[in-house]
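A short worksheet on the structure shown next.
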Amino acid sequence: MWSLPEVKWAALATALFLVGLVAHFAHAPGWLPWTFFLVCYAAGGWEPGLAGLGALREKTLDVDLLMVLAAIGAAAVGQVLDGGLLIVIFATSGALEAVATHRTAQAVRGLLDLAPERAVRLAGNDAEELVDAAALSVGDVVLVRPGERIAADGRVVSGASEVDQATITGEPLPVAKSEGDEVFAGTLNGTGALRVRVGREASESVVARIVAMVEDASETKAKTQLFIEKVEQRYSIGMVSATVLLFAIPLLAGAAFQPSLLRAMTFMIVASPCAVVLATMPPLLASMANAGRHGVLVKSAVVMEQLGATTRVAFDKTGTLTEGTPRLARIQSLSSTDLSEQQILALAASAENPSEHPLARAIVTAAREAGHTLVGTEEFAAIPGQGVRARVQGHDVEIGSPTRLLDDPADGELADVITQLEVSGHTAALVRVDGKPVAVFGIADRLRPAAADAVERIATVTGTAPLLLTGDNQRAADLLAAQAGITDVRAELLPQDKVEAVRSLEAYGQRILLVGDGVNDAPALAAAHTGVAMGRAGSDLALDTADAVIMRDDLATIPAVITLSRRARTVVQANLVIASVIILALVTWDLAGHLPLPLGVLGHEGSTVIVGLNGLRMLRKSAWTKALR
């Protein structure tokens, strides 16, 4: 961040201004604070000044140039401190914008690193050739070894494994892959080897399209600032024109140069939009700080303002409404076994302990939480796409997919148990001891404790029920949504489908706040009116693309921050009225009579203090407490 030139110049300008301020109030020789303030002008004003001159060559008047001219005008009439303050404000604003742009660009470029740069291509005689992933063509066959990332979108032609494709689909558990199954570039292969036939060029892969969609959506969002830019342009032209006329007309009519210049510069100062800027920023910045203290990082004042305009909230599923970590939810022992559920759990956990598979971690964690001591295993083997096998305390223990462990389809009690678990949204894992089925484990992601309350509160605040957008299967999505109190469910969505869903909703006038956590959510986060990422488990791209981040993953903060934003906007409106009335009064006085420069500066600075203090009310703890109600 500190390497960005905008940040360096803004920091230097601020430091010089503060030193000049100290020298001024310490009654140092007059030339000393002037020197620091003038160097501050140069450090913070040269870049917007040059940009403004460049805009003039394009026949447009940039508001930054206007502020530089106002600062120079203030210095020309002896108010060098006011001019320095203007320079610092706009240099800091430019630096913050540069930091945000830089971080987003880095995150988008980092996404491309998900897909490996090199791939092993197989020739007709199975000879291996290491090539650039970008050089792969449709129809090529690549070898993906255990633990490697898949280099291209395609279909498995041979081999079996489990693939972690949460970055693309958001599914919480690795998905078993075998011949004919589709795989995506950038997803992580498990313990088996796969041969994949390339189905898309690198530029057309899902991960590449995610990058393109994030960039396109970000550019589209930037266009919403065009109206503000038009207002700034008209204001700038009007202010400069009025200042020039106010100086030139009396001069041509025979007035003295010094009084004419003084009056024009007084107008430039009192008409400058400092009070209007501060009318907006303090309540929004104070609300941002208040939200930050309670675990919500809002990235800009613009975002803080637009949060209050939300009309509907959309949730991702895995890692957002759910905790994102598989847990052993149910143990269904079979009547044909003499082993208790806890004995089965202890044996299964000991067998799974050497494995790194997420399902294995869930079983091991459940056993440890139940107080079991895991014992060593013999003859451990992890079979890709099937499960694990080990010898524990003289027993042969197997845990894995029922369809892979059973030679024939399950029937009777076993079939009923498996069906019951799968229908209820669990992933079924069969446990066999000495070749005999003894139990079926139900493994599932768990709904966040506060999710249902947050959904109800959001519906009250926005007046519209939230919806669920997920890449998970329809049955699991429906079951989870029912627990959370959501009735509008759109499942089995790829990243581009989520973007289309968001855009179709906004095409009907809704302003969508999307909450997500994964790389697959990033395009939709960028396309939504406001994107909010879960902070603890969120991907780097989601965190950088989102407009706000819930640092503690507390969903209850979503309706609270929407309410806080609405209250901040009310304070902004009041401040704008106060600032406008004071500026209008000062400008009228200067035009209709003779406004003394010290009184003009006092009125100008007084208006900024009034609106600033009014805005800082949003810092109070009570503002957040009221928002939670």
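FYI, nothing fancy with the structure tokens labels: chains A, B, ... in order, residues from 1 per chain, ligands from 1 as they appear.
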
Select from stretch 493-584 of chain A everything DSSP, run on the backbone, classes as strand (DSSP E), then give the selection as a VMD selection string.
chain A and resid 512 to 516 530 to 534 548 to 550

So which residues touch A:Thr377 within 7 Å, counting only C-alpha atoms, skipping near sequence neighbours fewer than 4 positions away, as a PyMOL selection string?
chain A and resi 350-351+390-392

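In terms of minimum interatomic distance to A:Leu334, A:Arg432 ranks closest within A:Arg457, A:Arg432, A:His357, A:Arg569, counting only C-alpha atoms.
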
I want to know what sits within 7 Å of stretch 42-50 of chain A, based on only C-alpha atoms, with residues of the same chain fewer than 3 positions away left out; could you give that as a list in words?
Trp9, Ala10, Leu12, Ala13, Leu38, Val39, Leu53, Gly54, Asp64, Leu65, Val68, Ile87, Val88 and Ala91 of chain A

Could you save the residues just selected, with N, CA and C atoms, as an mmCIF file, in the first residue's frame?
```
data_model
loop_
_atom_site.group_PDB
_atom_site.id
_atom_site.type_symbol
_atom_site.label_atom_id
_atom_site.label_comp_id
_atom_site.auth_asym_id
_atom_site.auth_seq_id
_atom_site.Cartn_x
_atom_site.Cartn_y
_atom_site.Cartn_z
ATOM 1 N N TRP A 9 2.490 10.737 -1.560
ATOM 2 C CA TRP A 9 2.316 12.186 -1.664
ATOM 3 C C TRP A 9 1.288 12.687 -0.653
ATOM 4 N N ALA A 10 0.221 11.901 -0.451
ATOM 5 C CA ALA A 10 -0.797 12.307 0.534
ATOM 6 C C ALA A 10 -0.213 12.313 1.939
ATOM 7 N N LEU A 12 2.965 12.733 2.750
ATOM 8 C CA LEU A 12 3.907 13.847 2.845
ATOM 9 C C LEU A 12 3.166 15.169 3.015
ATOM 10 N N ALA A 13 2.085 15.365 2.251
ATOM 11 C CA ALA A 13 1.316 16.601 2.360
ATOM 12 C C ALA A 13 0.708 16.752 3.752
ATOM 13 N N LEU A 38 3.308 25.898 1.975
ATOM 14 C CA LEU A 38 3.506 25.977 0.529
ATOM 15 C C LEU A 38 4.088 24.681 -0.031
ATOM 16 N N VAL A 39 5.010 24.064 0.733
ATOM 17 C CA VAL A 39 5.533 22.764 0.288
ATOM 18 C C VAL A 39 4.425 21.712 0.345
ATOM 19 N N LEU A 53 -5.261 20.130 -15.455
ATOM 20 C CA LEU A 53 -4.817 20.795 -16.678
ATOM 21 C C LEU A 53 -5.019 19.886 -17.890
ATOM 22 N N GLY A 54 -4.770 18.588 -17.663
ATOM 23 C CA GLY A 54 -5.025 17.636 -18.748
ATOM 24 C C GLY A 54 -6.494 17.589 -19.121
ATOM 25 N N ASP A 64 -10.981 18.610 -8.940
ATOM 26 C CA ASP A 64 -9.715 18.652 -8.203
ATOM 27 C C ASP A 64 -8.928 19.913 -8.547
ATOM 28 N N LEU A 65 -8.961 20.289 -9.822
ATOM 29 C CA LEU A 65 -8.295 21.525 -10.220
ATOM 30 C C LEU A 65 -8.951 22.720 -9.538
ATOM 31 N N VAL A 68 -7.549 22.993 -6.113
ATOM 32 C CA VAL A 68 -6.193 23.537 -6.145
ATOM 33 C C VAL A 68 -6.234 25.047 -6.345
ATOM 34 N N ILE A 87 -6.043 21.008 0.402
ATOM 35 C CA ILE A 87 -5.098 20.127 -0.290
ATOM 36 C C ILE A 87 -5.019 18.768 0.391
ATOM 37 N N VAL A 88 -4.942 18.754 1.723
ATOM 38 C CA VAL A 88 -4.815 17.496 2.472
ATOM 39 C C VAL A 88 -6.056 16.630 2.277
ATOM 40 N N ALA A 91 -6.003 15.189 -1.343
ATOM 41 C CA ALA A 91 -4.893 14.244 -1.548
ATOM 42 C C ALA A 91 -5.190 12.926 -0.850
#
```

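Closest approach to A:Gly463 from the set A:Thr14, A:Thr35, A:Thr92, A:Thr310 is made by A:Thr310, with distances taken over only C-alpha atoms.
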
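For the choices A:Val431, A:Met618, A:Ala556, A:Met268, the atom-to-atom distance to A:Ala349 is smallest for A:Val431 when using only C-alpha atoms.
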
Would you pick out the contacts of A:Ala135 at 10 Å or less, using only C-alpha atoms, so that residues sharing its chain but fewer than 6 positions from it are not included, and give the list as a short mmCIF file (atom, residue, chain, number, x, y, z; two decimals) with C-alpha atoms, in the first residue's frame?
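For reference, result_33.cif as written:
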```cif
data_model
loop_
_atom_site.label_atom_id
_atom_site.label_comp_id
_atom_site.auth_asym_id
_atom_site.auth_seq_id
_atom_site.Cartn_x
_atom_site.Cartn_y
_atom_site.Cartn_z
CA GLU A 117 0.72 -22.59 -15.27
CA ARG A 118 1.94 -26.02 -16.44
CA ALA A 119 0.16 -29.28 -17.24
CA GLU A 201 -9.70 -23.21 -24.13
CA ALA A 202 -7.93 -21.58 -21.18
#
```

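Across A:Ser333, A:Ser260, A:Ser137, A:Thr625, the tightest approach to A:Ala560 is made by A:Thr625 when counting only C-alpha atoms.
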
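Taking atom CA of A:Arg327 as the reference point, atom CA of A:His395 is found at 25.0 Å.
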
Selection: 9 Å around A:Ala548, only C-alpha atoms, excl. self and same-chain fewer than 6 positions, as a VMD selection string
chain A and resid 296 to 300 303 to 304 530 to 534

Store the residues picked out above, limited to N, CA and C atoms, as a JSON list (two decimals), in the first residue's frame.
```
[["chain", "number", "residue", "atom", "x", "y", "z"],
["A", 296, "VAL", "N", -17.87, -5.15, 11.55],
["A", 296, "VAL", "CA", -18.21, -5.00, 10.13],
["A", 296, "VAL", "C", -17.29, -3.96, 9.52],
["A", 297, "LEU", "N", -16.47, -4.38, 8.57],
["A", 297, "LEU", "CA", -15.55, -3.48, 7.87],
["A", 297, "LEU", "C", -16.23, -2.98, 6.60],
["A", 298, "VAL", "N", -16.60, -1.70, 6.60],
["A", 298, "VAL", "CA", -17.20, -1.07, 5.41],
["A", 298, "VAL", "C", -16.09, -0.31, 4.71],
["A", 299, "LYS", "N", -15.89, -0.57, 3.42],
["A", 299, "LYS", "CA", -14.67, -0.13, 2.75],
["A", 299, "LYS", "C", -14.65, 1.33, 2.34],
["A", 300, "SER", "N", -15.80, 1.98, 2.26],
["A", 300, "SER", "CA", -15.80, 3.39, 1.86],
["A", 300, "SER", "C", -17.08, 4.06, 2.32],
["A", 303, "VAL", "N", -20.01, 3.18, 0.12],
["A", 303, "VAL", "CA", -20.64, 1.91, 0.47],
["A", 303, "VAL", "C", -21.53, 2.07, 1.69],
["A", 304, "MET", "N", -21.03, 2.84, 2.69],
["A", 304, "MET", "CA", -21.81, 3.04, 3.91],
["A", 304, "MET", "C", -23.15, 3.68, 3.58],
["A", 530, "THR", "N", -24.64, -4.02, -3.52],
["A", 530, "THR", "CA", -23.66, -4.05, -2.43],
["A", 530, "THR", "C", -23.24, -5.50, -2.20],
["A", 531, "GLY", "N", -21.93, -5.75, -2.14],
["A", 531, "GLY", "CA", -21.40, -7.08, -1.86],
["A", 531, "GLY", "C", -20.81, -7.13, -0.47],
["A", 532, "VAL", "N", -21.17, -8.17, 0.30],
["A", 532, "VAL", "CA", -20.67, -8.34, 1.66],
["A", 532, "VAL", "C", -20.03, -9.72, 1.77],
["A", 533, "ALA", "N", -18.79, -9.78, 2.26],
["A", 533, "ALA", "CA", -18.06, -11.04, 2.38],
["A", 533, "ALA", "C", -17.94, -11.45, 3.83],
["A", 534, "MET", "N", -17.92, -12.77, 4.06],
["A", 534, "MET", "CA", -17.65, -13.31, 5.40],
["A", 534, "MET", "C", -16.15, -13.27, 5.62]]
```

Fewer than 5 positions away in the same chain doesn't count, so skip those; otherwise give me all residues within 9 Å of A:Ser424, counting only C-alpha atoms, as a ChimeraX atom specification.
/A:419,475-476,479

To one decimal place, how far is atom CA of A:Arg145 from atom CA of A:Ala127 in Å?
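It comes out at 15.0 Å.
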
Expressed in Å, the length from atom CA of A:Glu162 to atom CA of A:Ala381 is 15.3 Å

What's around A:Lys626 at 10 Å? Count only C-alpha atoms, leave out sequence neighbours fewer than 6 positions away in its own chain, and write the answer as a list in words.
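With the cut-off at 10 Å, the set is Ala560, Thr563, Leu564 and Arg567 of chain A.
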
For a quick check of understanding, using only C-alpha atoms, which of A:Ser340, A:Thr318, A:Thr311, A:Gln420 has the smallest distance to A:Val438?
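Distance minimum relative to A:Val438 lands on A:Ser340.
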
What residues in stretch 236-452 of chain A get the DSSP label alpha helix (DSSP H)? Please answer as a ChimeraX atom specification.
/A:236-252,257-271,274-293,301-307,341-352,358-369,402-405,412-423,451-452

Can I get the selection written as a compact mmCIF listing (two decimals), in the first residue's frame, with C-alpha atoms?
```txt
# COMPACT_ATOMS: atom_id res chain seq x y z
CA SER A 236 -16.93 23.78 -11.01
CA ILE A 237 -17.72 25.76 -14.14
CA GLY A 238 -20.22 27.93 -12.31
CA MET A 239 -17.90 28.62 -9.38
CA VAL A 240 -14.89 29.51 -11.55
CA SER A 241 -17.02 31.66 -13.86
CA ALA A 242 -18.54 33.52 -10.92
CA THR A 243 -15.10 34.10 -9.34
CA VAL A 244 -13.64 35.47 -12.58
CA LEU A 245 -16.63 37.74 -13.16
CA LEU A 246 -16.59 38.94 -9.59
CA PHE A 247 -12.96 39.97 -10.07
CA ALA A 248 -13.11 41.26 -13.63
CA ILE A 249 -16.33 43.31 -13.67
CA PRO A 250 -15.43 45.66 -10.79
CA LEU A 251 -11.90 45.95 -12.17
CA LEU A 252 -13.21 46.98 -15.60
CA PHE A 257 -7.11 45.76 -8.02
CA GLN A 258 -6.51 44.70 -4.40
CA PRO A 259 -10.15 45.01 -3.16
CA SER A 260 -11.43 43.27 -6.30
CA LEU A 261 -9.03 40.38 -5.87
CA LEU A 262 -9.81 40.14 -2.15
CA ARG A 263 -13.54 40.01 -2.82
CA ALA A 264 -13.17 37.37 -5.52
CA MET A 265 -10.95 35.21 -3.35
CA THR A 266 -13.35 35.58 -0.44
CA PHE A 267 -16.07 34.29 -2.73
CA MET A 268 -13.83 31.39 -3.80
CA ILE A 269 -13.32 30.44 -0.16
CA VAL A 270 -16.89 30.77 1.11
CA ALA A 271 -18.30 29.07 -2.01
CA CYS A 274 -15.64 22.01 2.14
CA ALA A 275 -18.73 22.27 4.31
CA VAL A 276 -20.73 20.18 1.84
CA VAL A 277 -17.99 17.52 1.75
CA LEU A 278 -17.83 17.46 5.54
CA ALA A 279 -21.61 17.42 5.73
CA THR A 280 -21.48 14.04 4.05
CA MET A 281 -18.28 12.46 5.31
CA PRO A 282 -18.34 12.72 9.14
CA PRO A 283 -21.62 10.83 9.69
CA LEU A 284 -20.65 8.18 7.14
CA LEU A 285 -17.09 7.83 8.45
CA ALA A 286 -18.36 7.78 12.04
CA SER A 287 -20.85 5.06 11.09
CA MET A 288 -18.02 3.11 9.42
CA ALA A 289 -15.96 3.35 12.60
CA ASN A 290 -18.94 2.32 14.72
CA ALA A 291 -19.63 -0.67 12.47
CA GLY A 292 -15.93 -1.56 12.56
CA ARG A 293 -15.96 -1.69 16.35
CA ALA A 301 -18.24 6.14 2.72
CA VAL A 302 -20.00 5.51 -0.61
CA VAL A 303 -20.64 1.91 0.47
CA MET A 304 -21.81 3.04 3.91
CA GLU A 305 -24.38 5.26 2.22
CA GLN A 306 -25.60 2.71 -0.32
CA LEU A 307 -26.08 -0.03 2.30
CA GLU A 341 -22.70 -46.23 18.57
CA GLN A 342 -19.78 -44.99 20.67
CA GLN A 343 -17.74 -48.14 20.01
CA ILE A 344 -18.36 -47.73 16.29
CA LEU A 345 -17.37 -44.07 16.45
CA ALA A 346 -14.11 -44.90 18.28
CA LEU A 347 -13.16 -47.58 15.74
CA ALA A 348 -14.06 -45.39 12.73
CA ALA A 349 -12.19 -42.36 14.08
CA SER A 350 -9.05 -44.40 14.74
CA ALA A 351 -9.20 -45.74 11.19
CA GLU A 352 -9.76 -42.24 9.73
CA PRO A 358 -12.61 -33.45 5.24
CA LEU A 359 -15.03 -36.30 6.04
CA ALA A 360 -12.30 -38.02 8.01
CA ARG A 361 -11.60 -34.82 9.95
CA ALA A 362 -15.30 -34.57 10.83
CA ILE A 363 -15.37 -38.11 12.23
CA VAL A 364 -12.13 -37.66 14.16
CA THR A 365 -13.30 -34.35 15.62
CA ALA A 366 -16.60 -35.90 16.76
CA ALA A 367 -14.77 -38.77 18.47
CA ARG A 368 -12.41 -36.45 20.32
CA GLU A 369 -15.30 -34.22 21.41
CA PRO A 402 -22.09 -46.76 0.37
CA THR A 403 -22.21 -47.13 -3.42
CA ARG A 404 -18.45 -47.76 -3.55
CA LEU A 405 -18.16 -50.09 -0.54
CA GLY A 412 -33.68 -53.57 3.71
CA GLU A 413 -32.74 -51.64 6.83
CA LEU A 414 -29.43 -50.40 5.39
CA ALA A 415 -31.10 -48.94 2.30
CA ASP A 416 -33.72 -47.22 4.45
CA VAL A 417 -31.07 -45.65 6.71
CA ILE A 418 -29.02 -44.39 3.76
CA THR A 419 -32.08 -42.94 2.03
CA GLN A 420 -33.28 -41.28 5.23
CA LEU A 421 -29.93 -39.57 5.77
CA GLU A 422 -29.55 -38.42 2.17
CA VAL A 423 -33.12 -37.10 1.99
CA ALA A 451 -28.84 -17.49 10.80
CA ALA A 452 -32.58 -17.94 11.31
```

Return the single residue from A:Ser178, A:Ile331, A:Phe17, A:Gly308 that is closest to A:Thr570, with distances computed using only C-alpha atoms.
A:Gly308
